[in-house]
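Worksheet for the structure shown next.
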Amino acid sequence: MSAPFPFDNSYARDLPGFYAPATPTPVTAPGLVKVNAPLAEELGLDPEALATPHAVEMFAGQHVPEGADPIALAYAGHQFGQFTPQLGDGRAILLGEVVDRAGRRRDIQLKGSGPTPFSRRGDGRAALGPVLREYIVSEAMAALGIPTTRALAAVTTGEPVLRDRPLPGAVLARVAASHIRIGTFQFFAARKATDAVRQLADYTIARHYPELAGTPEPYLALLNGVIGRQAALVARWLLVGFIHGVMNTDNMSVSGETIDYGPCAFMDAYDPETVFSSIDQMGRYAYGNQPDIAHWNLARLAECLIPLLGEDKEAAVAAANGALKEFPARFRAAYHSGLVAKIGLAGPDGEASEEDTTLALELLSVMAESKADFTLTFRRLGALAADPEAGGPVRDLFLDRDAFDAWTTRWRERLAATGRDGAATRAAMDRVNPLFIPRNHLVEQVIASATEGDFAPFETLNTVLAHPFEEQPAFAAYAGLPPSMEGYQTFCGT
Ligand code: AMP
Ligand code: MG
């Protein structure tokens with residue numbers, strides 16, 4: 001049998017001391033949930049070969065594929081602001097890396113594959129619900145065009161995992177640009193292992209920022225590069241209503257991908273204070289706090305890199321602070337140009353005028369006051385841009401209809417001033433305003449069915465979310481409001 005993965009394991013090879021060897025623990029009864037065929041193709045792998053019983057057993061941890069170097073990566077991290085010097089992959093094992101069809105190096109990792117030397121008191125396992133959530137939401141993010149880790153496959157283990165109650169166990173095969181986190185740098189910086197920090201920075205530059213290699217100040221450039229990618233990433237999150245939920249420094253990838261989907265969710269009604277995670281009592285990781293938290297996390301990365309920024313400590317700190325200081329403006333530029341595009345007013349190069357930015361921000365205020373659904377507001381505005389008579393459905397999303405009307409009047413003036421045809425504006429808006437997002441009530445329904453053994457809803461939801469910007473009349477219900485909001489709306493509308 002040919003090897004399913006043409007592994008080339010640079011992390012294991014080049015960074016000894018940055019990980020611990022770890023082997024997946026076999027399970028009772030592996031069962032296939034899904035192989036992501038389009039992703040397999042993208043990776044240059046044969047999707048059918050990944051769905052054979054032998055491959056399913058491999059995903060479940062019964063055996064290690066040929067060419068793998070199974071390891072658990074070391075990392076530290078600030079969790080809810082508190083530093084833990086050793087976290088590491090406690091329930092994930094990196095099998096190795098493959099170079100995809102486009103020449104990009106991608107990690108293949110099993111998540112939930114049993115204990116590792118970093119498991120501390122954890123069981124190294126994952127429950128089916130969180131595995132399906134990560135599968136659905138990470139694939140939805142990819143379909144939205146947002147940098148993210150991907151889901152290559154999910155399997156069940158046939159074993160219960162004990163959380164607040166016994167739950168079916170599962171393993172996710174995850175694909176990532178890499179699993180280098182801010183916390184990976186922190187692990188070595190906390191041990192004052194400056195040579196290791198430099199080695200990791202060199203590896204990160206070679207893998208994720210190759211254009212910076214050999215530049216005069218590569219480590220400052222690396223910091224700037226990560227700042228830029230995180231600013232752009234968090235802007236993208238906000239523009240689709242995504243809440244990560246656990247933006248700890250160990251859950252922030254230096255490649256700029258969204259990573260570690262835990263208690264993540266998409267917002268329904270617009271409210272910047274929205275929090276989904278039950279463990280986030282203080283709202284630290286609320287929707288609207290995400291830019292500030294990213295900035296805070298990047299400051300932790302900067303601290304790790306300071307010893308690499310030159311002999312003169314004061315000058316190094318000043319250089320790092322100079323880079324960090326730019327984060328808010330870099331974030332705002334990305335966020336504002338995205339917002340203005342969402343209301344159909346982006347200039348030819350995507351630039352946002354101050355006037356249009358103010359207009360877009362005012363819409364958000366009206367939405368917040370009116371508890372308007374984030375996704376549907378922007379999507380239905382597109383229809384209104386094309387047809388002045390099509391205002392009903394979007395207007396109905398607002399409790400305060402007068403405020404909406406007043407805003408719309410000004411918006412129309414701005415649209416008219418662009419001289420663009422309404423249909424073209426709508427088409428441009430529909431390309432940035434998704435109709436289908438993984439709404440929490442849908443994800444919850446899918447998980448409940450799957451826990452009972454019915455995976456059909458999981459399949460359907462993935463299919464719908466693969467085309468978030470397209471009208472899919474047969475699946476219109478998937479674009480609808482959660483039942484709780486519908487009731488609220490009906491009540492308020494009558
Ligand atoms: P997370 O909150 O999922 O990002 O995980 C934070 C840390 O806890 C990481 O070091 C994980 O590897 C570890 N961890 C989470 N769940 C488990 C588990 N069930 N068993 C072992 N380690 C875990
Ligand atoms: Mg994590």
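How things are named: the first chain in the structure tokens is A, the next is B, and so on; residues count from 1 in each chain; ligands count from 1 in the order shown.
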
Any chance you could tabulate, as CSV, the residues of chain A at most 10 Å from ligand 2 with each one's nearest atom pair and distance in Å to one decimal, using only C-alpha atoms and all ligand atoms, in chain and rising number order?
```
residue,atom,partner,partner_atom_place_in_ligand_line,distance
A:Tyr75,CA,ligand 2,1 (Mg),9.8
A:Gly77,CA,ligand 2,1 (Mg),9.2
A:Gln79,CA,ligand 2,1 (Mg),9.5
A:Leu87,CA,ligand 2,1 (Mg),8.9
A:Gly88,CA,ligand 2,1 (Mg),8.6
A:Asp89,CA,ligand 2,1 (Mg),8.0
A:Gly90,CA,ligand 2,1 (Mg),9.2
A:Arg91,CA,ligand 2,1 (Mg),9.5
A:Ala92,CA,ligand 2,1 (Mg),9.5
A:His179,CA,ligand 2,1 (Mg),10.0
A:Arg181,CA,ligand 2,1 (Mg),9.2
A:Gly183,CA,ligand 2,1 (Mg),9.6
A:Val246,CA,ligand 2,1 (Mg),8.1
A:Met247,CA,ligand 2,1 (Mg),8.9
A:Asn248,CA,ligand 2,1 (Mg),7.7
A:Thr249,CA,ligand 2,1 (Mg),8.7
A:Asp250,CA,ligand 2,1 (Mg),5.7
A:Asn251,CA,ligand 2,1 (Mg),4.7
A:Met252,CA,ligand 2,1 (Mg),8.4
A:Ile259,CA,ligand 2,1 (Mg),7.8
A:Asp260,CA,ligand 2,1 (Mg),5.2
A:Tyr261,CA,ligand 2,1 (Mg),8.1
A:Gly262,CA,ligand 2,1 (Mg),8.0
```

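DSSP secondary structure from the backbone places Phe242, Ile243, Ser253, Thr258, Ala265, Phe266 and Ala269 of chain A of region 235-334 of chain A in strand (DSSP E or B).
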
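For the choices A:Arg401, A:Asp268, A:Val366, A:Pro434, the atom-to-atom distance to Pro482 (chain A) is smallest for A:Asp268 when using only C-alpha atoms.
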
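In this structure, CA of Ala140 (chain A) sits 7.0 Å away from CA of Ile437 (chain A).
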
Shell of 9 Å around Thr157 (chain A), only C-alpha atoms, local chain residues under 3 positions omitted, as a ChimeraX atom specification: /A:26-31,60,160,168-171

Please produce a file of those selected residues containing all heavy atoms, as a CSV table (one decimal), in the first residue's frame.
```
chain,number,residue,atom,x,y,z
A,26,PRO,N,-4.3,4.1,20.6
A,26,PRO,CA,-5.4,3.4,19.9
A,26,PRO,C,-6.7,3.5,20.6
A,26,PRO,O,-6.7,3.7,21.9
A,26,PRO,CB,-4.9,2.0,19.8
A,26,PRO,CG,-3.5,2.0,19.9
A,26,PRO,CD,-3.2,3.2,20.8
A,27,VAL,N,-7.8,3.4,19.9
A,27,VAL,CA,-9.2,3.5,20.5
A,27,VAL,C,-9.9,2.2,20.3
A,27,VAL,O,-9.5,1.3,19.6
A,27,VAL,CB,-9.9,4.7,19.9
A,27,VAL,CG1,-9.2,6.0,20.1
A,27,VAL,CG2,-10.2,4.5,18.4
A,28,THR,N,-11.1,2.1,20.9
A,28,THR,CA,-11.9,0.9,20.8
A,28,THR,C,-12.5,0.6,19.4
A,28,THR,O,-12.3,-0.5,18.9
A,28,THR,CB,-13.1,1.0,21.8
A,28,THR,OG1,-12.6,1.5,23.0
A,28,THR,CG2,-13.8,-0.3,22.0
A,29,ALA,N,-13.1,1.6,18.8
A,29,ALA,CA,-13.9,1.3,17.6
A,29,ALA,C,-13.9,2.5,16.7
A,29,ALA,O,-14.8,3.3,16.8
A,29,ALA,CB,-15.3,0.8,17.9
A,30,PRO,N,-12.9,2.6,15.8
A,30,PRO,CA,-12.8,3.8,14.9
A,30,PRO,C,-14.0,3.8,14.0
A,30,PRO,O,-14.4,2.7,13.5
A,30,PRO,CB,-11.5,3.6,14.2
A,30,PRO,CG,-10.7,2.6,14.9
A,30,PRO,CD,-11.7,1.8,15.7
A,31,GLY,N,-14.6,5.0,13.7
A,31,GLY,CA,-15.7,5.1,12.8
A,31,GLY,C,-15.5,6.4,12.0
A,31,GLY,O,-15.1,7.4,12.5
A,60,ALA,N,-7.8,7.5,13.7
A,60,ALA,CA,-8.2,7.3,15.0
A,60,ALA,C,-7.0,7.0,16.0
A,60,ALA,O,-7.1,6.9,17.2
A,60,ALA,CB,-9.2,6.1,15.1
A,160,PRO,N,-16.3,6.7,25.2
A,160,PRO,CA,-16.8,7.9,25.8
A,160,PRO,C,-15.7,8.8,26.4
A,160,PRO,O,-14.6,8.2,26.8
A,160,PRO,CB,-17.7,7.4,27.0
A,160,PRO,CG,-17.1,6.0,27.3
A,160,PRO,CD,-16.4,5.5,26.1
A,168,PRO,N,-19.7,11.1,23.5
A,168,PRO,CA,-18.9,10.3,22.5
A,168,PRO,C,-17.6,11.0,22.1
A,168,PRO,O,-17.5,12.2,22.0
A,168,PRO,CB,-19.8,10.2,21.3
A,168,PRO,CG,-20.9,11.2,21.5
A,168,PRO,CD,-21.0,11.5,23.0
A,169,GLY,N,-16.5,10.2,22.0
A,169,GLY,CA,-15.2,10.7,21.7
A,169,GLY,C,-15.0,10.8,20.2
A,169,GLY,O,-15.6,10.0,19.4
A,170,ALA,N,-14.1,11.7,19.8
A,170,ALA,CA,-13.8,11.8,18.3
A,170,ALA,C,-12.4,12.4,18.2
A,170,ALA,O,-11.8,12.9,19.1
A,170,ALA,CB,-14.8,12.8,17.7
A,171,VAL,N,-11.9,12.3,17.0
A,171,VAL,CA,-10.6,12.8,16.6
A,171,VAL,C,-10.7,13.7,15.4
A,171,VAL,O,-11.4,13.3,14.4
A,171,VAL,CB,-9.5,11.7,16.4
A,171,VAL,CG1,-8.2,12.4,16.0
A,171,VAL,CG2,-9.4,10.8,17.6
```

May I have the residues within 12 Å of Ala55 (chain A) as a PyMOL selection string, using only C-alpha atoms and disregarding those fewer than 2 positions away in the same chain? chain A and resi 1-5+30-32+34-35+46-53+57-66+153-155+173

Write the selection just made, keeping N, CA and C atoms, as a JSON list (two decimals), in the first residue's frame?
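Listing of again.json after writing:
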```
[["chain", "number", "residue", "atom", "x", "y", "z"],
["A", 1, "MET", "N", 0.85, -1.21, 0.00],
["A", 1, "MET", "CA", 0.00, 0.00, 0.00],
["A", 1, "MET", "C", 0.88, 1.25, 0.00],
["A", 2, "SER", "N", 0.54, 2.21, -0.87],
["A", 2, "SER", "CA", 1.36, 3.43, -0.91],
["A", 2, "SER", "C", 1.03, 4.29, 0.31],
["A", 3, "ALA", "N", 2.00, 5.11, 0.72],
["A", 3, "ALA", "CA", 1.81, 5.95, 1.90],
["A", 3, "ALA", "C", 0.76, 7.02, 1.59],
["A", 4, "PRO", "N", -0.17, 7.28, 2.53],
["A", 4, "PRO", "CA", -1.20, 8.28, 2.22],
["A", 4, "PRO", "C", -0.67, 9.71, 2.19],
["A", 5, "PHE", "N", 0.41, 9.96, 2.91],
["A", 5, "PHE", "CA", 0.94, 11.32, 2.98],
["A", 5, "PHE", "C", 2.41, 11.34, 2.54],
["A", 30, "PRO", "N", -12.86, 2.64, 15.83],
["A", 30, "PRO", "CA", -12.83, 3.80, 14.94],
["A", 30, "PRO", "C", -14.00, 3.79, 13.96],
["A", 31, "GLY", "N", -14.57, 4.98, 13.74],
["A", 31, "GLY", "CA", -15.66, 5.09, 12.76],
["A", 31, "GLY", "C", -15.47, 6.38, 11.97],
["A", 32, "LEU", "N", -15.68, 6.30, 10.68],
["A", 32, "LEU", "CA", -15.49, 7.49, 9.85],
["A", 32, "LEU", "C", -16.68, 8.43, 9.97],
["A", 34, "LYS", "N", -16.20, 11.85, 8.39],
["A", 34, "LYS", "CA", -16.09, 12.54, 7.11],
["A", 34, "LYS", "C", -14.64, 12.74, 6.72],
["A", 35, "VAL", "N", -14.38, 12.61, 5.43],
["A", 35, "VAL", "CA", -13.11, 13.06, 4.85],
["A", 35, "VAL", "C", -13.43, 14.26, 3.98],
["A", 46, "ASP", "N", -5.09, 11.58, -2.08],
["A", 46, "ASP", "CA", -6.20, 10.86, -2.70],
["A", 46, "ASP", "C", -7.33, 10.72, -1.68],
["A", 47, "PRO", "N", -8.46, 11.43, -1.89],
["A", 47, "PRO", "CA", -9.53, 11.38, -0.88],
["A", 47, "PRO", "C", -10.03, 9.98, -0.63],
["A", 48, "GLU", "N", -10.04, 9.14, -1.67],
["A", 48, "GLU", "CA", -10.55, 7.78, -1.46],
["A", 48, "GLU", "C", -9.62, 6.97, -0.58],
["A", 49, "ALA", "N", -8.32, 7.19, -0.79],
["A", 49, "ALA", "CA", -7.35, 6.47, 0.04],
["A", 49, "ALA", "C", -7.45, 6.90, 1.50],
["A", 50, "LEU", "N", -7.98, 8.11, 1.74],
["A", 50, "LEU", "CA", -8.11, 8.58, 3.12],
["A", 50, "LEU", "C", -9.39, 8.09, 3.80],
["A", 51, "ALA", "N", -10.25, 7.43, 3.03],
["A", 51, "ALA", "CA", -11.52, 6.96, 3.60],
["A", 51, "ALA", "C", -11.57, 5.44, 3.73],
["A", 52, "THR", "N", -10.48, 4.76, 3.41],
["A", 52, "THR", "CA", -10.46, 3.30, 3.58],
["A", 52, "THR", "C", -10.44, 2.96, 5.06],
["A", 53, "PRO", "N", -10.87, 1.75, 5.42],
["A", 53, "PRO", "CA", -10.83, 1.37, 6.84],
["A", 53, "PRO", "C", -9.43, 1.55, 7.44],
["A", 57, "GLU", "N", -8.59, 4.01, 10.57],
["A", 57, "GLU", "CA", -7.87, 3.55, 11.76],
["A", 57, "GLU", "C", -6.67, 4.45, 12.04],
["A", 58, "MET", "N", -6.02, 4.89, 10.98],
["A", 58, "MET", "CA", -4.87, 5.80, 11.15],
["A", 58, "MET", "C", -5.34, 7.12, 11.79],
["A", 59, "PHE", "N", -6.43, 7.69, 11.29],
["A", 59, "PHE", "CA", -6.94, 8.94, 11.88],
["A", 59, "PHE", "C", -7.33, 8.74, 13.34],
["A", 60, "ALA", "N", -7.78, 7.54, 13.67],
["A", 60, "ALA", "CA", -8.19, 7.26, 15.05],
["A", 60, "ALA", "C", -7.00, 6.96, 15.95],
["A", 61, "GLY", "N", -5.83, 6.75, 15.36],
["A", 61, "GLY", "CA", -4.64, 6.53, 16.17],
["A", 61, "GLY", "C", -4.25, 5.07, 16.34],
["A", 62, "GLN", "N", -4.85, 4.15, 15.54],
["A", 62, "GLN", "CA", -4.51, 2.72, 15.68],
["A", 62, "GLN", "C", -3.09, 2.45, 15.16],
["A", 63, "HIS", "N", -2.69, 3.25, 14.19],
["A", 63, "HIS", "CA", -1.32, 3.11, 13.67],
["A", 63, "HIS", "C", -0.86, 4.46, 13.13],
["A", 64, "VAL", "N", 0.44, 4.58, 12.98],
["A", 64, "VAL", "CA", 1.03, 5.85, 12.53],
["A", 64, "VAL", "C", 1.35, 5.70, 11.05],
["A", 65, "PRO", "N", 0.96, 6.68, 10.22],
["A", 65, "PRO", "CA", 1.22, 6.52, 8.78],
["A", 65, "PRO", "C", 2.71, 6.56, 8.46],
["A", 66, "GLU", "N", 3.05, 5.92, 7.37],
["A", 66, "GLU", "CA", 4.44, 5.88, 6.91],
["A", 66, "GLU", "C", 4.98, 7.30, 6.73],
["A", 153, "ALA", "N", -10.35, 15.58, 8.21],
["A", 153, "ALA", "CA", -11.19, 14.41, 8.48],
["A", 153, "ALA", "C", -11.63, 14.42, 9.94],
["A", 154, "ALA", "N", -12.73, 13.74, 10.19],
["A", 154, "ALA", "CA", -13.18, 13.52, 11.57],
["A", 154, "ALA", "C", -13.56, 12.06, 11.70],
["A", 155, "VAL", "N", -13.16, 11.48, 12.81],
["A", 155, "VAL", "CA", -13.54, 10.08, 13.09],
["A", 155, "VAL", "C", -14.05, 9.98, 14.52],
["A", 173, "ALA", "N", -8.69, 15.48, 12.31],
["A", 173, "ALA", "CA", -7.43, 15.63, 11.59],
["A", 173, "ALA", "C", -7.40, 17.04, 11.04]]
```

Selection: 9 Å around region 133-137 of chain A, only C-alpha atoms, excl. self and same-chain fewer than 4 positions, as a count of residues only: 27

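Distance-wise, CA of Phe80 (chain A) and CA of Arg198 (chain A) end up 26.7 Å apart.
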
Contacts of Ala206 (chain A) at 12 Å or less, counting only C-alpha atoms, minus same-chain residues fewer than 3 places along, as a VMD selection string? chain A and resid 10 to 11 14 104 to 105 178 199 to 203 209 to 214 218 to 219 222 255

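Take the candidates A:His244, A:Ala315, A:Asp430, A:Ala341 and check each one against Asp280 (chain A) using only C-alpha atoms; the shortest distance goes to A:His244.
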
Sorted per-residue table, region 317-402 of chain A near region 469-473 of chain A, closest atoms and distance, 12 Å, only C-alpha atoms, as JSON lines:
```
{"residue": "A:Thr375", "atom": "CA", "partner": "A:Phe469", "partner_atom": "CA", "distance": 11.1}
{"residue": "A:Leu376", "atom": "CA", "partner": "A:Phe469", "partner_atom": "CA", "distance": 11.8}
{"residue": "A:Phe378", "atom": "CA", "partner": "A:Phe469", "partner_atom": "CA", "distance": 11.9}
{"residue": "A:Arg379", "atom": "CA", "partner": "A:Phe469", "partner_atom": "CA", "distance": 9.2}
{"residue": "A:Arg380", "atom": "CA", "partner": "A:Glu471", "partner_atom": "CA", "distance": 11.9}
{"residue": "A:Gly382", "atom": "CA", "partner": "A:Phe469", "partner_atom": "CA", "distance": 11.9}
```

Residues from the last selection, all heavy atoms, saved as a compact mmCIF listing (two decimals), in the first residue's frame:
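This is the output file part23.txt:
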```txt
# COMPACT_ATOMS: atom_id res chain seq x y z
N THR A 375 -25.67 39.49 10.06
CA THR A 375 -25.48 38.92 8.72
C THR A 375 -26.60 39.35 7.77
O THR A 375 -26.34 39.79 6.65
CB THR A 375 -25.43 37.39 8.83
OG1 THR A 375 -24.38 37.06 9.75
CG2 THR A 375 -25.18 36.72 7.50
N LEU A 376 -27.84 39.22 8.22
CA LEU A 376 -28.96 39.51 7.32
C LEU A 376 -29.08 41.00 7.02
O LEU A 376 -29.52 41.37 5.93
CB LEU A 376 -30.26 38.97 7.91
CG LEU A 376 -30.41 37.45 7.85
CD1 LEU A 376 -31.77 37.03 8.41
CD2 LEU A 376 -30.24 36.92 6.43
N PHE A 378 -26.70 43.20 6.43
CA PHE A 378 -25.84 43.57 5.31
C PHE A 378 -26.29 42.88 4.02
O PHE A 378 -26.28 43.47 2.94
CB PHE A 378 -24.39 43.25 5.63
CG PHE A 378 -23.80 44.19 6.65
CD1 PHE A 378 -23.60 43.79 7.97
CD2 PHE A 378 -23.50 45.50 6.31
CE1 PHE A 378 -23.08 44.67 8.91
CE2 PHE A 378 -22.98 46.39 7.24
CZ PHE A 378 -22.77 45.97 8.55
N ARG A 379 -26.68 41.63 4.15
CA ARG A 379 -27.09 40.90 2.95
C ARG A 379 -28.34 41.55 2.33
O ARG A 379 -28.43 41.74 1.12
CB ARG A 379 -27.37 39.44 3.32
CG ARG A 379 -27.71 38.57 2.15
CD ARG A 379 -26.48 38.31 1.28
NE ARG A 379 -26.83 37.53 0.12
CZ ARG A 379 -25.94 36.93 -0.68
NH1 ARG A 379 -24.65 37.05 -0.45
NH2 ARG A 379 -26.34 36.24 -1.72
N ARG A 380 -29.30 41.88 3.17
CA ARG A 380 -30.55 42.44 2.65
C ARG A 380 -30.38 43.88 2.19
O ARG A 380 -31.14 44.36 1.33
CB ARG A 380 -31.65 42.34 3.70
CG ARG A 380 -32.05 40.88 3.93
CD ARG A 380 -33.17 40.78 4.94
NE ARG A 380 -33.52 39.39 5.19
CZ ARG A 380 -34.38 39.00 6.11
NH1 ARG A 380 -34.98 39.89 6.89
NH2 ARG A 380 -34.65 37.72 6.28
N GLY A 382 -28.05 44.76 0.38
CA GLY A 382 -27.65 44.57 -1.01
C GLY A 382 -28.86 44.60 -1.94
O GLY A 382 -28.85 45.26 -2.98
```

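Between CA of Arg101 (chain A) and CA of Thr148 (chain A) lies a distance of 17.6 Å.
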
Give me the residues near Thr418 (chain A) as a PyMOL selection string, where near means some atom within 10 Å (using only C-alpha atoms) and where sequence neighbours in that chain fewer than 4 positions away do not count. chain A and resi 344-347+412-414+425

Those residues you just picked out, can you put them in a file as a short mmCIF file (atom, residue, chain, number, x, y, z; two decimals), in the first residue's frame with all heavy atoms?
```
data_model
loop_
_atom_site.label_atom_id
_atom_site.label_comp_id
_atom_site.auth_asym_id
_atom_site.auth_seq_id
_atom_site.Cartn_x
_atom_site.Cartn_y
_atom_site.Cartn_z
N GLY A 344 -21.51 48.74 0.27
CA GLY A 344 -21.49 49.00 -1.16
C GLY A 344 -20.80 50.28 -1.57
O GLY A 344 -21.02 50.78 -2.67
N LEU A 345 -19.92 50.79 -0.70
CA LEU A 345 -19.32 52.09 -1.00
C LEU A 345 -17.80 52.05 -1.15
O LEU A 345 -17.16 53.08 -1.12
CB LEU A 345 -19.72 53.11 0.08
CG LEU A 345 -21.18 53.55 0.05
CD1 LEU A 345 -21.53 54.38 1.28
CD2 LEU A 345 -21.49 54.34 -1.23
N ALA A 346 -17.25 50.86 -1.31
CA ALA A 346 -15.79 50.78 -1.44
C ALA A 346 -15.35 51.48 -2.72
O ALA A 346 -16.00 51.36 -3.76
CB ALA A 346 -15.35 49.32 -1.49
N GLY A 347 -14.27 52.23 -2.61
CA GLY A 347 -13.70 52.86 -3.80
C GLY A 347 -13.07 51.80 -4.68
O GLY A 347 -13.00 50.62 -4.31
N ARG A 412 -28.45 56.20 0.67
CA ARG A 412 -28.87 56.30 -0.73
C ARG A 412 -28.19 57.48 -1.42
O ARG A 412 -27.81 57.39 -2.59
CB ARG A 412 -30.37 56.53 -0.83
CG ARG A 412 -31.14 55.32 -0.53
CD ARG A 412 -32.62 55.64 -0.78
NE ARG A 412 -33.36 54.43 -0.62
CZ ARG A 412 -33.23 53.38 -1.42
NH1 ARG A 412 -32.43 53.43 -2.46
NH2 ARG A 412 -33.90 52.30 -1.18
N GLU A 413 -28.09 58.59 -0.70
CA GLU A 413 -27.43 59.76 -1.29
C GLU A 413 -25.99 59.42 -1.65
O GLU A 413 -25.50 59.77 -2.72
CB GLU A 413 -27.45 60.94 -0.31
CG GLU A 413 -28.81 61.61 -0.21
CD GLU A 413 -28.93 62.50 1.01
OE1 GLU A 413 -27.90 62.76 1.70
OE2 GLU A 413 -30.07 62.93 1.31
N ARG A 414 -25.33 58.73 -0.75
CA ARG A 414 -23.93 58.36 -1.00
C ARG A 414 -23.83 57.37 -2.17
O ARG A 414 -22.93 57.46 -2.99
CB ARG A 414 -23.30 57.75 0.26
CG ARG A 414 -22.94 58.74 1.34
CD ARG A 414 -21.86 59.71 0.88
NE ARG A 414 -20.68 59.01 0.38
CZ ARG A 414 -20.00 59.34 -0.69
NH1 ARG A 414 -20.35 60.39 -1.42
NH2 ARG A 414 -18.95 58.63 -1.07
N THR A 425 -23.75 47.41 -7.69
CA THR A 425 -23.49 47.60 -6.26
C THR A 425 -23.94 46.37 -5.48
O THR A 425 -23.23 45.86 -4.62
CB THR A 425 -24.24 48.85 -5.74
OG1 THR A 425 -23.76 49.97 -6.47
CG2 THR A 425 -24.01 49.05 -4.26
#
```

With only C-alpha atoms as the atoms that count, which of A:Gly103, A:Gly44, A:Gly145, A:Pro272 lies nearest to Glu369 (chain A)? A:Pro272
